[in-house]
$ cat my_file.cif   # mmCIF, C-alpha atoms
data_data
loop_
_atom_site.label_atom_id
_atom_site.label_comp_id
_atom_site.auth_asym_id
_atom_site.auth_seq_id
_atom_site.Cartn_x
_atom_site.Cartn_y
_atom_site.Cartn_z
CA MET A 28 49.46 -27.88 85.47
CA GLU A 29 49.62 -24.10 85.68
CA LYS A 30 52.04 -22.78 88.28
CA GLN A 31 50.73 -20.77 91.20
CA PRO A 32 51.24 -17.00 91.21
CA ASN A 33 54.02 -15.15 92.99
CA VAL A 34 52.97 -12.16 95.09
CA LEU A 35 55.04 -9.24 96.37
CA LEU A 36 53.85 -7.40 99.48
CA THR A 37 55.68 -4.12 99.87
CA GLY A 38 55.36 -0.82 101.68
CA THR A 39 57.02 1.11 104.44
CA PRO A 40 57.85 -0.73 107.67
CA GLY A 41 54.89 -1.09 110.00
CA VAL A 42 52.05 -1.15 107.46
CA GLY A 43 51.12 -4.82 107.92
CA LYS A 44 53.07 -6.74 105.28
CA THR A 45 53.92 -9.59 107.63
CA THR A 46 50.40 -9.86 109.02
CA LEU A 47 48.88 -9.94 105.55
CA GLY A 48 51.54 -12.28 104.14
CA LYS A 49 51.10 -14.88 106.86
CA GLU A 50 47.31 -14.66 106.61
CA LEU A 51 47.40 -15.08 102.81
CA ALA A 52 49.77 -18.02 103.07
CA GLY A 53 47.53 -19.69 105.63
CA ARG A 54 44.42 -19.22 103.54
CA THR A 55 45.90 -20.07 100.12
CA GLY A 56 48.65 -22.60 100.77
CA LEU A 57 51.22 -20.34 99.13
CA THR A 58 54.68 -20.18 100.71
CA TYR A 59 55.42 -17.04 102.74
CA ILE A 60 58.96 -15.60 102.67
CA ASN A 61 60.01 -12.60 104.72
CA VAL A 62 63.18 -11.27 103.06
CA GLY A 63 64.48 -9.81 106.33
CA GLU A 64 64.22 -13.22 108.03
CA LEU A 65 65.70 -14.98 104.98
CA ALA A 66 68.68 -12.63 105.04
CA LYS A 67 69.19 -13.12 108.76
CA GLU A 68 69.01 -16.92 108.53
CA GLY A 69 71.37 -17.06 105.55
CA ASN A 70 73.60 -14.16 106.62
CA LEU A 71 72.88 -12.47 103.28
CA TYR A 72 74.62 -9.21 104.16
CA GLU A 73 77.43 -7.25 102.62
CA GLY A 74 78.35 -5.15 105.62
CA TYR A 75 76.97 -3.04 108.43
CA ASP A 76 75.64 0.53 108.36
CA GLU A 77 77.02 2.25 111.46
CA GLU A 78 74.85 5.35 110.97
CA TYR A 79 71.57 3.41 111.09
CA SER A 80 72.82 0.51 113.22
CA CYS A 81 71.68 -2.19 110.81
CA PRO A 82 73.14 -4.75 108.41
CA ILE A 83 73.32 -3.95 104.69
CA LEU A 84 71.41 -6.46 102.58
CA ASP A 85 73.36 -8.21 99.82
CA GLU A 86 70.68 -7.93 97.16
CA ASP A 87 72.48 -10.16 94.63
CA ARG A 88 72.72 -12.99 97.15
CA VAL A 89 69.04 -12.59 98.06
CA VAL A 90 68.06 -12.86 94.37
CA ASP A 91 70.29 -15.93 93.97
CA GLU A 92 68.73 -17.49 97.08
CA LEU A 93 65.16 -16.92 95.87
CA ASP A 94 65.46 -17.49 92.12
CA ASP A 95 64.69 -21.23 92.01
CA LYS A 96 61.75 -20.89 94.40
CA MET A 97 60.31 -18.00 92.43
CA SER A 98 60.58 -19.98 89.19
CA GLU A 99 58.43 -22.73 90.73
CA GLY A 100 55.70 -20.25 91.71
CA GLY A 101 53.42 -20.06 94.72
CA ILE A 102 55.54 -17.62 96.74
CA ILE A 103 54.49 -14.59 98.78
CA VAL A 104 57.46 -12.25 99.27
CA ASP A 105 57.39 -9.67 102.07
CA TYR A 106 59.88 -6.81 101.87
CA HIS A 107 59.82 -3.03 102.18
CA GLY A 108 61.86 -2.54 99.00
CA CYS A 109 61.38 -3.90 95.51
CA ASP A 110 63.87 -2.32 93.13
CA PHE A 111 66.28 -5.28 93.05
CA PHE A 112 63.72 -8.02 92.41
CA PRO A 113 63.37 -9.16 88.78
CA GLU A 114 59.98 -8.07 87.42
CA ARG A 115 59.50 -11.51 85.85
CA TRP A 116 59.10 -12.99 89.33
CA PHE A 117 55.76 -11.45 90.25
CA HIS A 118 52.24 -11.83 88.97
CA ILE A 119 50.93 -9.12 91.27
CA VAL A 120 52.33 -6.53 93.68
CA PHE A 121 50.42 -5.16 96.67
CA VAL A 122 51.64 -1.85 98.06
CA LEU A 123 50.41 -1.60 101.63
CA ARG A 124 49.90 1.75 103.28
CA THR A 125 48.28 3.05 106.42
CA ASP A 126 47.38 6.29 108.13
CA ASN A 127 50.45 8.03 109.56
CA SER A 128 49.03 8.14 113.09
CA ILE A 129 48.59 4.35 113.04
CA LEU A 130 52.04 3.91 111.52
CA TYR A 131 53.60 6.15 114.15
CA ASP A 132 52.10 4.10 117.00
CA ARG A 133 53.21 0.80 115.45
CA LEU A 134 56.76 1.98 114.84
CA GLU A 135 57.07 3.60 118.24
CA LYS A 136 56.38 0.22 119.86
CA GLY A 137 58.79 -1.72 117.66
CA ILE A 138 61.79 0.52 116.98
CA THR A 139 64.52 0.99 119.55
CA VAL A 140 66.92 3.25 117.69
CA GLU A 141 65.51 6.80 117.66
CA ARG A 142 67.35 7.89 114.52
CA ASN A 143 66.11 4.84 112.60
CA PHE A 144 62.58 5.55 113.82
CA ARG A 145 62.64 9.17 112.63
CA THR A 146 63.97 8.11 109.24
CA THR A 147 61.43 5.32 108.77
CA PHE A 148 58.45 7.40 109.82
CA SER A 149 59.21 10.36 107.61
CA VAL A 150 56.29 11.22 105.35
CA ARG A 151 58.81 12.32 102.76
CA PHE A 152 60.25 8.82 102.79
CA SER A 153 56.80 7.37 102.17
CA ARG A 154 56.20 9.62 99.19
CA LEU A 155 59.66 9.02 97.70
CA TYR A 156 59.25 5.29 98.24
CA MET A 157 55.96 5.21 96.37
CA LYS A 158 57.39 7.27 93.51
CA ARG A 159 60.38 4.93 93.23
CA LEU A 160 58.16 1.87 93.41
CA TRP A 161 55.84 3.06 90.66
CA SER A 162 58.76 3.94 88.42
CA HIS A 163 60.34 0.50 88.88
CA ILE A 164 57.49 -2.03 88.86
CA MET A 165 55.10 -2.18 85.95
CA ARG A 166 51.99 -0.22 86.87
CA ARG A 167 49.68 -2.98 85.73
CA LEU A 168 50.99 -5.24 88.50
CA CYS A 169 50.55 -2.83 91.41
CA ILE A 170 47.58 -2.44 93.68
CA SER A 171 47.72 0.14 96.44
CA TYR A 172 46.05 -1.44 99.43
CA PRO A 173 45.20 0.34 102.69
CA ALA A 174 46.42 -1.85 105.54
CA THR A 175 43.45 -0.77 107.66
CA CYS A 176 41.48 -3.44 105.78
CA LEU A 177 43.43 -6.02 107.79
CA ARG A 178 41.29 -5.23 110.83
CA THR A 179 38.33 -7.03 109.25
CA TRP A 180 40.18 -10.37 109.51
CA LYS A 181 40.37 -10.33 113.28
#

$ encode --input "my_file.cif" --output "structure tokens"
Amino acid sequence: MEKQPNVLLTGTPGVGKTTLGKELAGRTGLTYINVGELAKEGNLYEGYDEEYSCPILDEDRVVDELDDKMSEGGIIVDYHGCDFFPERWFHIVFVLRTDNSILYDRLEKGITVERNFRTTFSVRFSRLYMKRLWSHIMRRLCISYPATCLRTWK
């Protein structure tokens, strides 16, 4: 029996990764994993960033935690970064994006720390993120997907 594919959903915070991931899991039977939630549940942190008021993810521990599951296949991973995941894990990568005005409204509702909000929303961040993503993940695996398409599911 052929194993099911592993999918990475990535993109800046607020573009719809969680919405899409849960919807895909519900429709396909694949297992949805939100890396932020996984880290919180397993305390997979290596410290705390005082400047941004957030924990620092222990990437090695996250990889160790996920490795067996990823080997089995059938996993949808949701995370805003991708540079520490082994390329061998994923069959396809979806890079979600959305219009900045939509992103601004979403982040404004969900972010409480003003400095973190300004940093996350920065257009420069979005461009640098995409450049870093494309340089790390094999281009043949990536599909840039406008999150506005999610509206058609509702």

$ atom_distance --input "my_file.cif" --atom1 "CA of Lys49 (chain A)" --atom2 "CA of Glu99 (chain A)"
19.4 Å

$ resolve_selection --input "my_file.cif" --expression "the PyMOL selection byres ((chain A and resi 100) around 8)" --output "count of residues only"
10

$ resolve_selection --input "my_file.cif" --expression "the PyMOL selection byres ((chain A and resi 43) around 9)" --output "ChimeraX atom specification"
/A:38,40-42,44-48,123-125,174-175,177

$ residues_near_point --input "my_file.cif" --point "(67.6, -11.8, 89.7)" --cutoff "8 Å" --atoms "all atoms listed in the file" --output "PyMOL selection string"
chain A and resi 87+90-91+94+111-113

$ atom_distance --input "my_file.cif" --atom1 "CA of Ile129 (chain A)" --atom2 "CA of Leu84 (chain A)"
27.3 Å

$ atom_distance --input "my_file.cif" --atom1 "CA of Cys81 (chain A)" --atom2 "CA of Leu51 (chain A)"
28.6 Å

$ closest_residue --input "my_file.cif" --among "A:Val120, A:Leu36, A:Ala52, A:Val104" --to "Glu64 (chain A)" --atoms "all atoms listed in the file"
A:Val104

$ residues_near_point --input "my_file.cif" --point "(72.7, -10.6, 106.8)" --cutoff "9 Å" --atoms "all atoms listed in the file" --output "list in words"
Gly63, Glu64, Leu65, Ala66, Lys67, Glu68, Gly69, Asn70, Leu71, Tyr72, Glu73, Gly74, Tyr75, Pro82, Ile83, Leu84 and Asp85 of chain A

$ closest_residue --input "my_file.cif" --among "A:Lys136, A:Arg54, A:His107, A:Arg88" --to "Val122 (chain A)" --atoms "all atoms listed in the file"
A:His107

$ build_atoms --input "my_file.cif" --residues "region 116-127 of chain A" --atoms "all heavy atoms" --output "JSON list (two decimals), keeping the file's coordinate frame"
[["chain", "number", "residue", "atom", "x", "y", "z"],
["A", 116, "TRP", "N", 59.46, -12.14, 88.20],
["A", 116, "TRP", "CA", 59.10, -12.99, 89.33],
["A", 116, "TRP", "C", 57.64, -12.88, 89.73],
["A", 116, "TRP", "O", 57.05, -13.84, 90.21],
["A", 116, "TRP", "CB", 59.93, -12.62, 90.55],
["A", 116, "TRP", "CG", 61.28, -13.22, 90.62],
["A", 116, "TRP", "CD1", 61.90, -14.02, 89.69],
["A", 116, "TRP", "CD2", 62.21, -13.07, 91.69],
["A", 116, "TRP", "NE1", 63.15, -14.36, 90.12],
["A", 116, "TRP", "CE2", 63.37, -13.79, 91.35],
["A", 116, "TRP", "CE3", 62.17, -12.39, 92.89],
["A", 116, "TRP", "CZ2", 64.47, -13.86, 92.18],
["A", 116, "TRP", "CZ3", 63.27, -12.46, 93.72],
["A", 116, "TRP", "CH2", 64.41, -13.20, 93.37],
["A", 117, "PHE", "N", 57.04, -11.70, 89.61],
["A", 117, "PHE", "CA", 55.76, -11.45, 90.25],
["A", 117, "PHE", "C", 54.60, -11.34, 89.29],
["A", 117, "PHE", "O", 54.69, -10.71, 88.25],
["A", 117, "PHE", "CB", 55.85, -10.17, 91.10],
["A", 117, "PHE", "CG", 56.88, -10.28, 92.18],
["A", 117, "PHE", "CD1", 58.10, -9.62, 92.06],
["A", 117, "PHE", "CD2", 56.66, -11.07, 93.29],
["A", 117, "PHE", "CE1", 59.07, -9.75, 93.04],
["A", 117, "PHE", "CE2", 57.62, -11.20, 94.28],
["A", 117, "PHE", "CZ", 58.83, -10.53, 94.15],
["A", 118, "HIS", "N", 53.49, -11.94, 89.70],
["A", 118, "HIS", "CA", 52.24, -11.83, 88.97],
["A", 118, "HIS", "C", 51.45, -10.62, 89.44],
["A", 118, "HIS", "O", 50.67, -10.06, 88.68],
["A", 118, "HIS", "CB", 51.42, -13.11, 89.15],
["A", 118, "HIS", "CG", 52.11, -14.30, 88.58],
["A", 118, "HIS", "ND1", 53.01, -15.06, 89.31],
["A", 118, "HIS", "CD2", 52.05, -14.85, 87.36],
["A", 118, "HIS", "CE1", 53.46, -16.04, 88.54],
["A", 118, "HIS", "NE2", 52.90, -15.94, 87.36],
["A", 119, "ILE", "N", 51.62, -10.27, 90.72],
["A", 119, "ILE", "CA", 50.93, -9.12, 91.27],
["A", 119, "ILE", "C", 51.75, -8.55, 92.43],
["A", 119, "ILE", "O", 52.46, -9.27, 93.11],
["A", 119, "ILE", "CB", 49.49, -9.47, 91.73],
["A", 119, "ILE", "CG1", 48.69, -8.21, 92.01],
["A", 119, "ILE", "CG2", 49.51, -10.43, 92.91],
["A", 119, "ILE", "CD1", 47.19, -8.43, 92.04],
["A", 120, "VAL", "N", 51.64, -7.24, 92.60],
["A", 120, "VAL", "CA", 52.33, -6.53, 93.68],
["A", 120, "VAL", "C", 51.28, -5.74, 94.47],
["A", 120, "VAL", "O", 50.50, -5.01, 93.89],
["A", 120, "VAL", "CB", 53.38, -5.55, 93.11],
["A", 120, "VAL", "CG1", 54.03, -4.73, 94.23],
["A", 120, "VAL", "CG2", 54.43, -6.29, 92.29],
["A", 121, "PHE", "N", 51.29, -5.93, 95.79],
["A", 121, "PHE", "CA", 50.42, -5.16, 96.67],
["A", 121, "PHE", "C", 51.28, -4.17, 97.43],
["A", 121, "PHE", "O", 52.23, -4.57, 98.12],
["A", 121, "PHE", "CB", 49.68, -6.06, 97.66],
["A", 121, "PHE", "CG", 48.63, -6.91, 97.02],
["A", 121, "PHE", "CD1", 48.90, -8.22, 96.65],
["A", 121, "PHE", "CD2", 47.36, -6.40, 96.79],
["A", 121, "PHE", "CE1", 47.93, -9.01, 96.07],
["A", 121, "PHE", "CE2", 46.38, -7.18, 96.20],
["A", 121, "PHE", "CZ", 46.67, -8.49, 95.83],
["A", 122, "VAL", "N", 50.95, -2.90, 97.32],
["A", 122, "VAL", "CA", 51.64, -1.85, 98.06],
["A", 122, "VAL", "C", 50.76, -1.50, 99.25],
["A", 122, "VAL", "O", 49.70, -0.91, 99.09],
["A", 122, "VAL", "CB", 51.86, -0.59, 97.17],
["A", 122, "VAL", "CG1", 52.62, 0.47, 97.97],
["A", 122, "VAL", "CG2", 52.61, -0.96, 95.90],
["A", 123, "LEU", "N", 51.20, -1.88, 100.44],
["A", 123, "LEU", "CA", 50.41, -1.60, 101.63],
["A", 123, "LEU", "C", 50.74, -0.21, 102.16],
["A", 123, "LEU", "O", 51.87, 0.24, 102.10],
["A", 123, "LEU", "CB", 50.71, -2.64, 102.72],
["A", 123, "LEU", "CG", 50.39, -4.09, 102.36],
["A", 123, "LEU", "CD1", 50.61, -4.97, 103.57],
["A", 123, "LEU", "CD2", 48.99, -4.24, 101.84],
["A", 124, "ARG", "N", 49.72, 0.43, 102.69],
["A", 124, "ARG", "CA", 49.90, 1.75, 103.28],
["A", 124, "ARG", "C", 48.93, 1.86, 104.44],
["A", 124, "ARG", "O", 48.00, 1.08, 104.56],
["A", 124, "ARG", "CB", 49.64, 2.84, 102.25],
["A", 124, "ARG", "CG", 48.30, 2.77, 101.58],
["A", 124, "ARG", "CD", 48.16, 3.69, 100.37],
["A", 124, "ARG", "NE", 46.96, 3.41, 99.65],
["A", 124, "ARG", "CZ", 45.76, 3.87, 99.96],
["A", 124, "ARG", "NH1", 45.61, 4.66, 101.00],
["A", 124, "ARG", "NH2", 44.70, 3.57, 99.25],
["A", 125, "THR", "N", 49.18, 2.82, 105.30],
["A", 125, "THR", "CA", 48.28, 3.05, 106.42],
["A", 125, "THR", "C", 48.36, 4.51, 106.83],
["A", 125, "THR", "O", 49.28, 5.22, 106.44],
["A", 125, "THR", "CB", 48.59, 2.11, 107.61],
["A", 125, "THR", "OG1", 47.52, 2.16, 108.53],
["A", 125, "THR", "CG2", 49.89, 2.47, 108.29],
["A", 126, "ASP", "N", 47.40, 4.93, 107.61],
["A", 126, "ASP", "CA", 47.38, 6.29, 108.13],
["A", 126, "ASP", "C", 48.63, 6.53, 108.97],
["A", 126, "ASP", "O", 49.07, 5.66, 109.73],
["A", 126, "ASP", "CB", 46.12, 6.45, 108.99],
["A", 126, "ASP", "CG", 46.00, 7.83, 109.57],
["A", 126, "ASP", "OD1", 45.51, 8.72, 108.85],
["A", 126, "ASP", "OD2", 46.39, 8.02, 110.74],
["A", 127, "ASN", "N", 49.21, 7.72, 108.85],
["A", 127, "ASN", "CA", 50.45, 8.03, 109.56],
["A", 127, "ASN", "C", 50.33, 7.92, 111.08],
["A", 127, "ASN", "O", 51.29, 7.55, 111.74],
["A", 127, "ASN", "CB", 50.97, 9.42, 109.17],
["A", 127, "ASN", "CG", 51.64, 9.41, 107.83],
["A", 127, "ASN", "OD1", 52.01, 8.37, 107.31],
["A", 127, "ASN", "ND2", 51.81, 10.58, 107.24]]
